[in-house]
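Q: Once you've had a glance at the structure underneath, I'll fire off some questions.
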Amino acid sequence: MSEILDETELRDKLTDDLPDWSAEGDGITRVAELPTFPDAITVVARVGVVAEEMDHHPDIDIRWRTLTFRCSTHSEGGVTSKDLDLARQIDEIIAAES
Ligand SMILES: C[C@H](O)[C@H](O)[C@H]1CNC2=NC(N)=NC(=O)C2=N1
């Protein structure tokens with residue numbers, strides 16, 4: 001079980017490690033525009049594989065080539081280290097397809 005990060009801890013982690021992510025409500029979000037729609041779908045498919053391996057799944061909104069990811073730990077009602085780990089993986093996949 002992972003513990004919810006408090007506001008200061010979360011802000012520091014986002015600033016240091018995940019500058020493209022923002023704290024929003026009980027989750028963290030990132031918007032990414034990919035070069036093409038197929039690139040965006042490739043990112044979604046790759047994130048899907050990683051999320052299943054991690055047993056931790058982001059919400060994903062697809063609008064043409066713009067993707068919005070949201071990570072939250074439902075069972076805890078907030079952001080935990082699991083969300084930060086998933087966000088780092090999402091960043092790597094986006095960077096590889098951009
Ligand atoms: C039983 C299983 O581990 C849980 O339902 C997992 C699955 N994927 C999940 N994904 C996310 N984002 N948050 C969760 O709390 C969560 N819980």
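Ordering of the structure tokens sets the chain letters (A, B, ...), residue numbers begin anew at 1 in every chain, and ligands are numbered from 1 in the order given.
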Enumerate as a VMD selection string the residues within 9 Å of ligand 1, counting only C-alpha atoms and all ligand atoms.
A: chain A and resid 51 to 52 54 to 59 70 to 78 82 to 83 86
Q: Using backbone DSSP assignments, extract all alpha helix (DSSP H) residues from chain A; output them as a PDB file with N, CA and C atoms, in the first residue's frame.
A:
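Below is the file that was written, selection.pdb:
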```pdb
ATOM      1  N   GLU A   7       0.685  18.001   0.299  1.00  0.00           N
ATOM      2  CA  GLU A   7       0.731  19.050  -0.734  1.00  0.00           C
ATOM      3  C   GLU A   7       2.160  19.533  -1.021  1.00  0.00           C
ATOM      4  N   THR A   8       2.945  19.742   0.036  1.00  0.00           N
ATOM      5  CA  THR A   8       4.320  20.255  -0.128  1.00  0.00           C
ATOM      6  C   THR A   8       5.201  19.217  -0.801  1.00  0.00           C
ATOM      7  N   GLU A   9       5.085  17.969  -0.329  1.00  0.00           N
ATOM      8  CA  GLU A   9       5.884  16.877  -0.887  1.00  0.00           C
ATOM      9  C   GLU A   9       5.573  16.718  -2.378  1.00  0.00           C
ATOM     10  N   LEU A  10       4.278  16.749  -2.704  1.00  0.00           N
ATOM     11  CA  LEU A  10       3.858  16.572  -4.085  1.00  0.00           C
ATOM     12  C   LEU A  10       4.370  17.732  -4.949  1.00  0.00           C
ATOM     13  N   ARG A  11       4.223  18.945  -4.467  1.00  0.00           N
ATOM     14  CA  ARG A  11       4.674  20.105  -5.244  1.00  0.00           C
ATOM     15  C   ARG A  11       6.171  19.996  -5.529  1.00  0.00           C
ATOM     16  N   ASP A  12       6.960  19.626  -4.511  1.00  0.00           N
ATOM     17  CA  ASP A  12       8.411  19.493  -4.694  1.00  0.00           C
ATOM     18  C   ASP A  12       8.745  18.412  -5.703  1.00  0.00           C
ATOM     19  N   LYS A  13       8.066  17.271  -5.620  1.00  0.00           N
ATOM     20  CA  LYS A  13       8.347  16.161  -6.552  1.00  0.00           C
ATOM     21  C   LYS A  13       7.996  16.553  -7.977  1.00  0.00           C
ATOM     22  N   LEU A  14       6.886  17.253  -8.160  1.00  0.00           N
ATOM     23  CA  LEU A  14       6.507  17.668  -9.516  1.00  0.00           C
ATOM     24  C   LEU A  14       7.530  18.661 -10.052  1.00  0.00           C
ATOM     25  N   THR A  15       7.920  19.611  -9.239  1.00  0.00           N
ATOM     26  CA  THR A  15       8.906  20.620  -9.679  1.00  0.00           C
ATOM     27  C   THR A  15      10.221  19.952 -10.056  1.00  0.00           C
ATOM     28  N   ASP A  16      10.681  19.013  -9.232  1.00  0.00           N
ATOM     29  CA  ASP A  16      12.005  18.413  -9.446  1.00  0.00           C
ATOM     30  C   ASP A  16      12.018  17.362 -10.556  1.00  0.00           C
ATOM     31  N   ASP A  17      10.998  16.490 -10.570  1.00  0.00           N
ATOM     32  CA  ASP A  17      11.043  15.301 -11.447  1.00  0.00           C
ATOM     33  C   ASP A  17      10.054  15.321 -12.593  1.00  0.00           C
ATOM     34  N   PHE A  37      -1.832  11.904 -35.270  1.00  0.00           N
ATOM     35  CA  PHE A  37      -2.805  11.042 -34.574  1.00  0.00           C
ATOM     36  C   PHE A  37      -2.259   9.616 -34.374  1.00  0.00           C
ATOM     37  N   PRO A  38      -1.633   9.004 -35.413  1.00  0.00           N
ATOM     38  CA  PRO A  38      -1.063   7.672 -35.169  1.00  0.00           C
ATOM     39  C   PRO A  38       0.000   7.669 -34.061  1.00  0.00           C
ATOM     40  N   ASP A  39       0.798   8.733 -33.980  1.00  0.00           N
ATOM     41  CA  ASP A  39       1.786   8.811 -32.885  1.00  0.00           C
ATOM     42  C   ASP A  39       1.069   8.821 -31.534  1.00  0.00           C
ATOM     43  N   ALA A  40      -0.022   9.588 -31.455  1.00  0.00           N
ATOM     44  CA  ALA A  40      -0.775   9.667 -30.195  1.00  0.00           C
ATOM     45  C   ALA A  40      -1.328   8.292 -29.817  1.00  0.00           C
ATOM     46  N   ILE A  41      -1.835   7.570 -30.809  1.00  0.00           N
ATOM     47  CA  ILE A  41      -2.407   6.248 -30.531  1.00  0.00           C
ATOM     48  C   ILE A  41      -1.315   5.256 -30.129  1.00  0.00           C
ATOM     49  N   THR A  42      -0.130   5.403 -30.735  1.00  0.00           N
ATOM     50  CA  THR A  42       1.003   4.555 -30.325  1.00  0.00           C
ATOM     51  C   THR A  42       1.353   4.801 -28.867  1.00  0.00           C
ATOM     52  N   VAL A  43       1.353   6.085 -28.465  1.00  0.00           N
ATOM     53  CA  VAL A  43       1.635   6.413 -27.059  1.00  0.00           C
ATOM     54  C   VAL A  43       0.597   5.758 -26.154  1.00  0.00           C
ATOM     55  N   VAL A  44      -0.676   5.878 -26.533  1.00  0.00           N
ATOM     56  CA  VAL A  44      -1.743   5.288 -25.712  1.00  0.00           C
ATOM     57  C   VAL A  44      -1.533   3.774 -25.580  1.00  0.00           C
ATOM     58  N   ALA A  45      -1.193   3.123 -26.698  1.00  0.00           N
ATOM     59  CA  ALA A  45      -1.000   1.664 -26.660  1.00  0.00           C
ATOM     60  C   ALA A  45       0.185   1.297 -25.772  1.00  0.00           C
ATOM     61  N   ARG A  46       1.264   2.057 -25.885  1.00  0.00           N
ATOM     62  CA  ARG A  46       2.458   1.749 -25.065  1.00  0.00           C
ATOM     63  C   ARG A  46       2.186   2.014 -23.592  1.00  0.00           C
ATOM     64  N   VAL A  47       1.488   3.107 -23.306  1.00  0.00           N
ATOM     65  CA  VAL A  47       1.124   3.403 -21.908  1.00  0.00           C
ATOM     66  C   VAL A  47       0.225   2.290 -21.373  1.00  0.00           C
ATOM     67  N   GLY A  48      -0.655   1.800 -22.223  1.00  0.00           N
ATOM     68  CA  GLY A  48      -1.552   0.726 -21.794  1.00  0.00           C
ATOM     69  C   GLY A  48      -0.791  -0.520 -21.353  1.00  0.00           C
ATOM     70  N   VAL A  49       0.255  -0.864 -22.103  1.00  0.00           N
ATOM     71  CA  VAL A  49       1.060  -2.046 -21.754  1.00  0.00           C
ATOM     72  C   VAL A  49       1.743  -1.839 -20.403  1.00  0.00           C
ATOM     73  N   VAL A  50       2.369  -0.660 -20.255  1.00  0.00           N
ATOM     74  CA  VAL A  50       3.101  -0.368 -19.008  1.00  0.00           C
ATOM     75  C   VAL A  50       2.142  -0.317 -17.818  1.00  0.00           C
ATOM     76  N   ALA A  51       0.986   0.308 -18.031  1.00  0.00           N
ATOM     77  CA  ALA A  51       0.011   0.441 -16.941  1.00  0.00           C
ATOM     78  C   ALA A  51      -0.467  -0.934 -16.477  1.00  0.00           C
ATOM     79  N   GLU A  52      -0.675  -1.826 -17.424  1.00  0.00           N
ATOM     80  CA  GLU A  52      -1.138  -3.172 -17.064  1.00  0.00           C
ATOM     81  C   GLU A  52      -0.052  -3.910 -16.291  1.00  0.00           C
ATOM     82  N   GLU A  53       1.210  -3.744 -16.740  1.00  0.00           N
ATOM     83  CA  GLU A  53       2.329  -4.369 -16.012  1.00  0.00           C
ATOM     84  C   GLU A  53       2.419  -3.833 -14.581  1.00  0.00           C
ATOM     85  N   MET A  54       2.166  -2.515 -14.433  1.00  0.00           N
ATOM     86  CA  MET A  54       2.278  -1.884 -13.105  1.00  0.00           C
ATOM     87  C   MET A  54       1.018  -2.112 -12.257  1.00  0.00           C
ATOM     88  N   SER A  81       3.141   7.480  -4.518  1.00  0.00           N
ATOM     89  CA  SER A  81       4.355   7.212  -5.306  1.00  0.00           C
ATOM     90  C   SER A  81       4.032   6.376  -6.543  1.00  0.00           C
ATOM     91  N   LYS A  82       2.974   5.593  -6.504  1.00  0.00           N
ATOM     92  CA  LYS A  82       2.575   4.809  -7.692  1.00  0.00           C
ATOM     93  C   LYS A  82       2.239   5.734  -8.856  1.00  0.00           C
ATOM     94  N   ASP A  83       1.580   6.849  -8.552  1.00  0.00           N
ATOM     95  CA  ASP A  83       1.214   7.800  -9.613  1.00  0.00           C
ATOM     96  C   ASP A  83       2.459   8.479 -10.176  1.00  0.00           C
ATOM     97  N   LEU A  84       3.405   8.789  -9.293  1.00  0.00           N
ATOM     98  CA  LEU A  84       4.644   9.424  -9.770  1.00  0.00           C
ATOM     99  C   LEU A  84       5.425   8.446 -10.649  1.00  0.00           C
ATOM    100  N   ASP A  85       5.465   7.176 -10.250  1.00  0.00           N
ATOM    101  CA  ASP A  85       6.166   6.167 -11.063  1.00  0.00           C
ATOM    102  C   ASP A  85       5.507   6.031 -12.436  1.00  0.00           C
ATOM    103  N   LEU A  86       4.176   5.991 -12.442  1.00  0.00           N
ATOM    104  CA  LEU A  86       3.453   5.872 -13.713  1.00  0.00           C
ATOM    105  C   LEU A  86       3.677   7.121 -14.570  1.00  0.00           C
ATOM    106  N   ALA A  87       3.653   8.288 -13.954  1.00  0.00           N
ATOM    107  CA  ALA A  87       3.858   9.545 -14.695  1.00  0.00           C
ATOM    108  C   ALA A  87       5.252   9.569 -15.333  1.00  0.00           C
ATOM    109  N   ARG A  88       6.258   9.081 -14.623  1.00  0.00           N
ATOM    110  CA  ARG A  88       7.624   9.031 -15.196  1.00  0.00           C
ATOM    111  C   ARG A  88       7.655   8.135 -16.429  1.00  0.00           C
ATOM    112  N   GLN A  89       6.973   7.004 -16.350  1.00  0.00           N
ATOM    113  CA  GLN A  89       6.934   6.080 -17.500  1.00  0.00           C
ATOM    114  C   GLN A  89       6.205   6.737 -18.674  1.00  0.00           C
ATOM    115  N   ILE A  90       5.121   7.446 -18.372  1.00  0.00           N
ATOM    116  CA  ILE A  90       4.365   8.123 -19.437  1.00  0.00           C
ATOM    117  C   ILE A  90       5.262   9.178 -20.092  1.00  0.00           C
ATOM    118  N   ASP A  91       6.009   9.923 -19.295  1.00  0.00           N
ATOM    119  CA  ASP A  91       6.930  10.933 -19.847  1.00  0.00           C
ATOM    120  C   ASP A  91       7.931  10.284 -20.816  1.00  0.00           C
ATOM    121  N   GLU A  92       8.478   9.141 -20.421  1.00  0.00           N
ATOM    122  CA  GLU A  92       9.478   8.463 -21.281  1.00  0.00           C
ATOM    123  C   GLU A  92       8.853   8.029 -22.601  1.00  0.00           C
ATOM    124  N   ILE A  93       7.625   7.527 -22.527  1.00  0.00           N
ATOM    125  CA  ILE A  93       6.957   7.055 -23.754  1.00  0.00           C
ATOM    126  C   ILE A  93       6.637   8.246 -24.660  1.00  0.00           C
ATOM    127  N   ILE A  94       6.153   9.334 -24.087  1.00  0.00           N
ATOM    128  CA  ILE A  94       5.853  10.528 -24.889  1.00  0.00           C
ATOM    129  C   ILE A  94       7.136  11.033 -25.551  1.00  0.00           C
ATOM    130  N   ALA A  95       8.227  11.090 -24.787  1.00  0.00           N
ATOM    131  CA  ALA A  95       9.494  11.598 -25.346  1.00  0.00           C
ATOM    132  C   ALA A  95       9.958  10.726 -26.521  1.00  0.00           C
ATOM    133  N   ALA A  96       9.755   9.421 -26.403  1.00  0.00           N
ATOM    134  CA  ALA A  96      10.197   8.512 -27.471  1.00  0.00           C
ATOM    135  C   ALA A  96       9.383   8.659 -28.743  1.00  0.00           C
ATOM    136  N   GLU A  97       8.141   9.130 -28.633  1.00  0.00           N
ATOM    137  CA  GLU A  97       7.257   9.238 -29.816  1.00  0.00           C
ATOM    138  C   GLU A  97       7.150  10.673 -30.335  1.00  0.00           C
TER     139      GLU A  97
END
```
Q: Need to verify the contact set: Leu67 of chain A, 7 Å, only C-alpha atoms, exclusion of same-chain residues closer than 3 positions in sequence. Can you return it as number ranges by chain?
A: A: 31-33, 40, 60-63
Q: Put those residues in a file: C-alpha atoms, as a PDB file, in the first residue's frame.
A:
```
ATOM      1  CA  VAL A  31      -1.359  17.286 -21.614  1.00  0.00           C
ATOM      2  CA  ALA A  32       0.818  16.206 -24.559  1.00  0.00           C
ATOM      3  CA  GLU A  33       0.475  17.063 -28.236  1.00  0.00           C
ATOM      4  CA  ALA A  40      -0.775   9.667 -30.195  1.00  0.00           C
ATOM      5  CA  ILE A  60      -6.582   9.058 -20.838  1.00  0.00           C
ATOM      6  CA  ASP A  61      -8.479  11.575 -22.959  1.00  0.00           C
ATOM      7  CA  ILE A  62      -7.788  11.461 -26.721  1.00  0.00           C
ATOM      8  CA  ARG A  63      -8.567  14.501 -28.905  1.00  0.00           C
TER       9      ARG A  63
END
```
Q: Please indicate the distance in Å from atom CA of Val79 of chain A to atom CA of Asp6 of chain A, rounded to one decimal place.
A: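 Taking atom CA of Val79 of chain A and atom CA of Asp6 of chain A, their separation equals 8.5 Å.
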Q: Counting only C-alpha atoms, which of A:Trp64, A:Phe69, A:Pro19, A:Thr80 gets nearest to Pro35 of chain A?
A: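 Residue with the minimum atom-to-atom distance to Pro35 of chain A: A:Trp64.
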Q: Interatomic distance between atom CA of Thr66 of chain A and atom CA of Ile4 of chain A?
A: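 If I compute the distance from atom CA of Thr66 of chain A to atom CA of Ile4 of chain A, I get 28.7 Å.
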